[in-house]
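See below for input_30.pdb, which holds PDB, C-alpha atoms, pLDDT in the B column.
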```pdb
ATOM      1  CA  MET A   6       0.000   0.000   0.000  1.00 40.00           C
ATOM      2  CA  MET A   7       2.874   2.404   0.707  1.00 43.00           C
ATOM      3  CA  MET A   8       4.093   2.000  -2.877  1.00 44.00           C
ATOM      4  CA  THR A   9       0.676   2.956  -4.249  1.00 43.00           C
ATOM      5  CA  GLU A  10       0.365   5.957  -1.963  1.00 44.00           C
ATOM      6  CA  ARG A  11       3.845   7.146  -2.967  1.00 45.00           C
ATOM      7  CA  ALA A  12       3.054   6.674  -6.673  1.00 45.00           C
ATOM      8  CA  GLU A  13      -0.181   8.600  -6.260  1.00 45.00           C
ATOM      9  CA  ASP A  14       1.701  11.300  -4.384  1.00 47.00           C
ATOM     10  CA  LEU A  15       4.114  11.665  -7.320  1.00 47.00           C
ATOM     11  CA  ALA A  16       1.409  11.470  -9.989  1.00 47.00           C
ATOM     12  CA  VAL A  17       0.818  14.822 -11.613  1.00 47.00           C
ATOM     13  CA  ASP A  18      -2.285  16.037 -13.377  1.00 49.00           C
ATOM     14  CA  HIS A  19      -0.739  18.232 -16.063  1.00 48.00           C
ATOM     15  CA  SER A  20      -3.997  20.077 -16.615  1.00 45.00           C
ATOM     16  CA  THR A  21      -4.125  21.383 -13.047  1.00 44.00           C
ATOM     17  CA  ARG A  22      -0.505  21.579 -11.864  1.00 51.00           C
ATOM     18  CA  ASP A  23       2.592  23.193 -13.227  1.00 54.00           C
ATOM     19  CA  LEU A  24       5.588  20.919 -12.632  1.00 50.00           C
ATOM     20  CA  THR A  25       7.844  23.910 -12.475  1.00 50.00           C
ATOM     21  CA  ASP A  26       6.016  25.794  -9.771  1.00 53.00           C
ATOM     22  CA  SER A  27       7.633  26.235  -6.371  1.00 55.00           C
ATOM     23  CA  LYS A  28       5.558  23.409  -4.862  1.00 58.00           C
ATOM     24  CA  GLN A  29       6.866  20.885  -7.392  1.00 55.00           C
ATOM     25  CA  GLY A  30      10.364  22.312  -7.888  1.00 55.00           C
ATOM     26  CA  HIS A  31      11.769  20.472  -4.904  1.00 68.00           C
ATOM     27  CA  ARG A  32      10.475  17.155  -6.267  1.00 81.00           C
ATOM     28  CA  PHE A  33      11.702  17.721  -9.809  1.00 90.00           C
ATOM     29  CA  PRO A  34      14.901  19.791  -9.653  1.00 89.00           C
ATOM     30  CA  PHE A  35      15.748  18.795 -13.235  1.00 91.00           C
ATOM     31  CA  MET A  36      12.876  20.960 -14.476  1.00 93.00           C
ATOM     32  CA  ALA A  37      15.132  24.030 -14.284  1.00 93.00           C
ATOM     33  CA  VAL A  38      17.588  22.259 -16.610  1.00 93.00           C
ATOM     34  CA  LEU A  39      14.832  21.305 -19.045  1.00 93.00           C
ATOM     35  CA  ARG A  40      13.424  24.813 -19.066  1.00 95.00           C
ATOM     36  CA  GLU A  41      16.872  26.348 -19.709  1.00 96.00           C
ATOM     37  CA  LEU A  42      17.655  23.776 -22.406  1.00 95.00           C
ATOM     38  CA  VAL A  43      14.427  24.612 -24.257  1.00 96.00           C
ATOM     39  CA  ARG A  44      14.886  28.359 -23.816  1.00 97.00           C
ATOM     40  CA  THR A  45      18.458  28.110 -25.098  1.00 97.00           C
ATOM     41  CA  TYR A  46      17.367  26.141 -28.157  1.00 96.00           C
ATOM     42  CA  GLN A  47      14.566  28.617 -28.852  1.00 97.00           C
ATOM     43  CA  ALA A  48      16.961  31.572 -28.507  1.00 97.00           C
ATOM     44  CA  PHE A  49      19.423  29.860 -30.848  1.00 97.00           C
ATOM     45  CA  CYS A  50      16.702  29.241 -33.461  1.00 96.00           C
ATOM     46  CA  ILE A  51      15.523  32.858 -33.287  1.00 97.00           C
ATOM     47  CA  VAL A  52      19.026  33.961 -34.348  1.00 97.00           C
ATOM     48  CA  ASP A  53      20.096  30.991 -36.507  1.00 97.00           C
ATOM     49  CA  GLU A  54      17.057  30.386 -38.718  1.00 97.00           C
ATOM     50  CA  PRO A  55      16.672  33.908 -40.168  1.00 98.00           C
ATOM     51  CA  HIS A  56      20.344  33.915 -41.130  1.00 98.00           C
ATOM     52  CA  ILE A  57      19.995  30.564 -42.899  1.00 97.00           C
ATOM     53  CA  ARG A  58      16.868  31.848 -44.691  1.00 97.00           C
ATOM     54  CA  SER A  59      18.844  34.920 -45.811  1.00 97.00           C
ATOM     55  CA  LEU A  60      21.201  32.444 -47.521  1.00 96.00           C
ATOM     56  CA  GLY A  61      18.283  31.059 -49.556  1.00 95.00           C
ATOM     57  CA  LEU A  62      17.704  27.815 -47.655  1.00 96.00           C
ATOM     58  CA  THR A  63      15.543  26.435 -44.899  1.00 95.00           C
ATOM     59  CA  SER A  64      17.276  25.051 -41.808  1.00 94.00           C
ATOM     60  CA  PRO A  65      16.691  21.409 -42.846  1.00 95.00           C
ATOM     61  CA  GLN A  66      17.944  22.137 -46.386  1.00 96.00           C
ATOM     62  CA  PHE A  67      21.034  23.815 -44.938  1.00 97.00           C
ATOM     63  CA  ASP A  68      21.609  20.781 -42.705  1.00 96.00           C
ATOM     64  CA  VAL A  69      21.415  18.377 -45.659  1.00 97.00           C
ATOM     65  CA  ILE A  70      23.627  20.534 -47.924  1.00 98.00           C
ATOM     66  CA  CYS A  71      26.268  20.935 -45.205  1.00 97.00           C
ATOM     67  CA  THR A  72      26.176  17.242 -44.296  1.00 97.00           C
ATOM     68  CA  LEU A  73      26.737  16.296 -47.937  1.00 98.00           C
ATOM     69  CA  GLY A  74      29.447  18.932 -48.441  1.00 97.00           C
ATOM     70  CA  ASN A  75      32.970  17.583 -48.920  1.00 95.00           C
ATOM     71  CA  THR A  76      31.654  14.009 -49.284  1.00 96.00           C
ATOM     72  CA  GLU A  77      31.117  11.670 -52.210  1.00 94.00           C
ATOM     73  CA  GLY A  78      27.467  11.504 -51.216  1.00 95.00           C
ATOM     74  CA  MET A  79      25.564   9.333 -48.778  1.00 95.00           C
ATOM     75  CA  MET A  80      22.938   6.655 -48.747  1.00 92.00           C
ATOM     76  CA  MET A  81      19.619   8.002 -47.542  1.00 90.00           C
ATOM     77  CA  HIS A  82      19.849   6.142 -44.199  1.00 88.00           C
ATOM     78  CA  GLU A  83      23.344   7.569 -43.596  1.00 93.00           C
ATOM     79  CA  LEU A  84      22.121  11.071 -44.380  1.00 94.00           C
ATOM     80  CA  ALA A  85      19.197  10.644 -41.994  1.00 92.00           C
ATOM     81  CA  ALA A  86      21.533   9.488 -39.224  1.00 92.00           C
ATOM     82  CA  LYS A  87      23.937  12.419 -39.681  1.00 94.00           C
ATOM     83  CA  THR A  88      21.458  15.273 -40.009  1.00 93.00           C
ATOM     84  CA  LEU A  89      19.074  16.881 -37.580  1.00 80.00           C
ATOM     85  CA  VAL A  90      16.265  16.016 -39.993  1.00 82.00           C
ATOM     86  CA  THR A  91      13.786  13.293 -39.104  1.00 79.00           C
ATOM     87  CA  LYS A  92      13.692  10.343 -41.478  1.00 77.00           C
ATOM     88  CA  GLY A  93      10.048  11.058 -42.253  1.00 80.00           C
ATOM     89  CA  THR A  94      10.785  14.489 -43.700  1.00 90.00           C
ATOM     90  CA  LEU A  95      14.143  13.777 -45.336  1.00 94.00           C
ATOM     91  CA  THR A  96      12.636  12.468 -48.581  1.00 93.00           C
ATOM     92  CA  GLY A  97      10.663  15.682 -49.076  1.00 95.00           C
ATOM     93  CA  ILE A  98      13.710  17.822 -48.330  1.00 96.00           C
ATOM     94  CA  VAL A  99      15.811  15.862 -50.813  1.00 96.00           C
ATOM     95  CA  ASP A 100      12.979  16.169 -53.378  1.00 95.00           C
ATOM     96  CA  ARG A 101      12.957  19.974 -52.982  1.00 96.00           C
ATOM     97  CA  LEU A 102      16.762  20.213 -53.141  1.00 97.00           C
ATOM     98  CA  GLU A 103      16.704  18.033 -56.258  1.00 97.00           C
ATOM     99  CA  ALA A 104      14.076  20.320 -57.830  1.00 97.00           C
ATOM    100  CA  LYS A 105      16.400  23.278 -57.104  1.00 97.00           C
ATOM    101  CA  GLY A 106      19.232  21.418 -58.854  1.00 97.00           C
ATOM    102  CA  LEU A 107      21.330  21.211 -55.670  1.00 98.00           C
ATOM    103  CA  VAL A 108      21.365  17.419 -55.180  1.00 98.00           C
ATOM    104  CA  ARG A 109      20.902  14.344 -57.327  1.00 97.00           C
ATOM    105  CA  ARG A 110      20.098  10.731 -56.592  1.00 95.00           C
ATOM    106  CA  GLU A 111      22.364   8.042 -58.018  1.00 93.00           C
ATOM    107  CA  VAL A 112      21.709   4.325 -57.973  1.00 90.00           C
ATOM    108  CA  PRO A 113      24.914   2.482 -57.052  1.00 83.00           C
ATOM    109  CA  PRO A 114      25.792  -0.330 -59.477  1.00 83.00           C
ATOM    110  CA  ASN A 115      26.250  -2.851 -56.652  1.00 82.00           C
ATOM    111  CA  ASN A 116      22.844  -2.242 -55.016  1.00 79.00           C
ATOM    112  CA  ARG A 117      19.987  -1.192 -57.263  1.00 77.00           C
ATOM    113  CA  ARG A 118      17.485  -1.163 -54.351  1.00 81.00           C
ATOM    114  CA  CYS A 119      18.807   2.092 -52.892  1.00 84.00           C
ATOM    115  CA  PHE A 120      20.374   5.343 -53.978  1.00 87.00           C
ATOM    116  CA  ILE A 121      23.080   7.769 -52.969  1.00 93.00           C
ATOM    117  CA  VAL A 122      22.310  11.470 -52.512  1.00 96.00           C
ATOM    118  CA  LYS A 123      25.071  13.706 -53.882  1.00 97.00           C
ATOM    119  CA  LEU A 124      25.560  17.421 -54.280  1.00 98.00           C
ATOM    120  CA  THR A 125      25.447  18.659 -57.857  1.00 98.00           C
ATOM    121  CA  GLN A 126      28.032  21.191 -59.040  1.00 98.00           C
ATOM    122  CA  GLU A 127      25.549  23.934 -58.169  1.00 98.00           C
ATOM    123  CA  GLY A 128      24.920  22.288 -54.781  1.00 98.00           C
ATOM    124  CA  ASP A 129      28.642  22.256 -54.101  1.00 98.00           C
ATOM    125  CA  ARG A 130      28.866  25.956 -55.033  1.00 98.00           C
ATOM    126  CA  VAL A 131      26.032  26.664 -52.584  1.00 98.00           C
ATOM    127  CA  PHE A 132      27.806  24.639 -49.887  1.00 98.00           C
ATOM    128  CA  GLN A 133      31.112  26.456 -50.510  1.00 98.00           C
ATOM    129  CA  ARG A 134      29.305  29.787 -50.102  1.00 97.00           C
ATOM    130  CA  VAL A 135      26.802  29.213 -47.275  1.00 98.00           C
ATOM    131  CA  PHE A 136      28.752  26.981 -44.913  1.00 97.00           C
ATOM    132  CA  PRO A 137      31.657  29.361 -44.227  1.00 97.00           C
ATOM    133  CA  GLU A 138      29.330  32.358 -44.170  1.00 98.00           C
ATOM    134  CA  HIS A 139      27.064  30.771 -41.557  1.00 98.00           C
ATOM    135  CA  MET A 140      30.003  29.512 -39.491  1.00 97.00           C
ATOM    136  CA  MET A 141      31.390  33.054 -39.340  1.00 98.00           C
ATOM    137  CA  PHE A 142      27.929  34.296 -38.326  1.00 98.00           C
ATOM    138  CA  LEU A 143      27.801  31.755 -35.473  1.00 97.00           C
ATOM    139  CA  LYS A 144      31.428  32.414 -34.536  1.00 98.00           C
ATOM    140  CA  GLU A 145      30.501  35.980 -33.569  1.00 97.00           C
ATOM    141  CA  ARG A 146      28.218  34.537 -30.876  1.00 97.00           C
ATOM    142  CA  PHE A 147      30.404  31.653 -29.773  1.00 97.00           C
ATOM    143  CA  ASP A 148      33.454  33.915 -29.500  1.00 97.00           C
ATOM    144  CA  GLN A 149      31.817  35.222 -26.314  1.00 97.00           C
ATOM    145  CA  LEU A 150      32.732  31.889 -24.673  1.00 98.00           C
ATOM    146  CA  ASN A 151      36.257  30.786 -23.808  1.00 98.00           C
ATOM    147  CA  GLU A 152      37.660  27.302 -24.408  1.00 97.00           C
ATOM    148  CA  ALA A 153      36.838  26.167 -20.858  1.00 98.00           C
ATOM    149  CA  ASP A 154      33.220  27.341 -21.277  1.00 98.00           C
ATOM    150  CA  LEU A 155      32.895  25.477 -24.570  1.00 98.00           C
ATOM    151  CA  ALA A 156      34.443  22.306 -23.147  1.00 98.00           C
ATOM    152  CA  GLY A 157      32.195  22.413 -20.071  1.00 98.00           C
ATOM    153  CA  ILE A 158      29.030  22.988 -22.086  1.00 97.00           C
ATOM    154  CA  THR A 159      29.958  20.253 -24.539  1.00 97.00           C
ATOM    155  CA  SER A 160      30.683  17.795 -21.731  1.00 97.00           C
ATOM    156  CA  ALA A 161      27.447  18.581 -19.890  1.00 96.00           C
ATOM    157  CA  LEU A 162      25.365  18.239 -23.062  1.00 95.00           C
ATOM    158  CA  GLN A 163      27.051  14.934 -23.966  1.00 96.00           C
ATOM    159  CA  LYS A 164      26.316  13.605 -20.485  1.00 95.00           C
ATOM    160  CA  LEU A 165      22.693  14.737 -20.707  1.00 94.00           C
ATOM    161  CA  ARG A 166      22.290  13.157 -24.156  1.00 92.00           C
ATOM    162  CA  SER A 167      23.790   9.887 -22.928  1.00 94.00           C
ATOM    163  CA  ILE A 168      21.142   9.446 -20.234  1.00 94.00           C
ATOM    164  CA  PHE A 169      18.404   9.628 -22.889  1.00 91.00           C
ATOM    165  CA  GLN A 170      20.147   7.537 -25.508  1.00 86.00           C
ATOM    166  CA  PRO A 171      18.882   3.972 -25.938  1.00 81.00           C
ATOM    167  CA  ILE A 172      21.512   1.402 -24.977  1.00 73.00           C
ATOM    168  CA  ASP A 173      21.763  -0.048 -28.513  1.00 64.00           C
ATOM    169  CA  ALA A 174      22.284   3.464 -29.993  1.00 56.00           C
ATOM    170  CA  ALA A 175      24.922   4.496 -27.428  1.00 51.00           C
ATOM    171  CA  GLN A 176      27.706   3.079 -29.590  1.00 52.00           C
ATOM    172  CA  ASP A 177      27.061   5.549 -32.474  1.00 50.00           C
TER
END
```
Structure rendered as structure tokens:
Amino acid sequence: MMMTERAEDLAVDHSTRDLTDSKQGHRFPFMAVLRELVRTYQAFCIVDEPHIRSLGLTSPQFDVICTLGNTEGMMMHELAAKTLVTKGTLTGIVDRLEAKGLVRREVPPNNRRCFIVKLTQEGDRVFQRVFPEHMMFLKERFDQLNEADLAGITSALQKLRSIFQPIDAAQD
């Protein structure tokens, strides 16, 4: 019975209670981390996305172009694993980039059931222009942090990611 009472005590009705209020904060101290993580991501997107749009791409298109840059191309599953784009939307993004003449699909001779996504010459020109320009744009912000700050943030984020990563995916 104690276990049930404790579980009921911890149960939260999201429609009536805010987990981040002062009454719940002592029970869920990680909520401050979650809130700051989300606010940081939102602040980043508010600055990052308009700059990428000014370069003529959407954020997912930029991600795909930059992931393919300086490579011989990638199989669709590899591209999905290396980008921040969900697998469900990657096909549409590649379709739009192909329509713009920035990528092409090639069927490898040794496996006709799949294809490799590669940058076209125009896609490579776009990559050579937008990647360094956006990195310099971001550098202006990140230059406000020293090496110790960057190392500490990176380490903390890696640790946080590892606690949410499925065991079979932890080796990637």
Handout entry: Atom pair CA of Gly78 (chain A) / CA of Thr63 (chain A): separation (Å)
Key =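 So the answer is 20.1 Å.
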Problem - Shortest interatomic distance to Asp68 (chain A) - which of A:Val90, A:Leu42, A:Arg134, A:Gly128, counting all atoms listed in the file - result: A:Val90
Problem - Test item: residues at most 12 Å from Ile98 (chain A), all atoms listed in the file, excluding those fewer than 5 positions along its chain, as a PyMOL selection string - result: chain A and resi 62-70+81+84-85+88+90-93+103-105+107-108+122
Exercise for the section: Quick one: everything within 10 Å of Phe120 (chain A), counting all atoms listed in the file, minus sequence neighbours fewer than 5 positions away in the same chain. Send it as a count of residues only. Expected result: 11
Practice task
Write out as a PyMOL selection string the residues lying within 12 Å of region 142-150 of chain A, counting only C-alpha atoms and excluding same-chain residues fewer than 2 positions away.
Solution key: chain A and resi 48-50+52-57+59-60+135-140+152-159
Practice task
Rounded to one decimal place, report the CA of Leu89 (chain A)-CA of Met36 (chain A) distance in Å.
Solution key: 24.3 Å
Practice task
Work out how far apart CA of Met141 (chain A) and CA of Asn75 (chain A) are and give it in Å to one decimal.
Solution key: 18.3 Å
Problem - Option closest in space to Val131 (chain A), from A:Ala86, A:Asn151, A:Leu102, A:Gln47 [counting only C-alpha atoms] - result: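 Answer, going by the shortest atom-to-atom distance: A:Leu102.
Of the residues under consideration (A:Gly106, A:Thr96, A:Val43, A:Thr125), A:Thr125 shows the shortest atom-to-atom contact distance to Glu77 (chain A) when counting all atoms listed in the file.
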Exercise for the section: Could you tell me which of A:Thr45, A:Thr72, A:Thr94, A:Gln170 comes closest to Lys123 (chain A) if we count all atoms listed in the file? Expected result: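 Among the listed residues, the smallest separation from Lys123 (chain A) belongs to A:Thr72.
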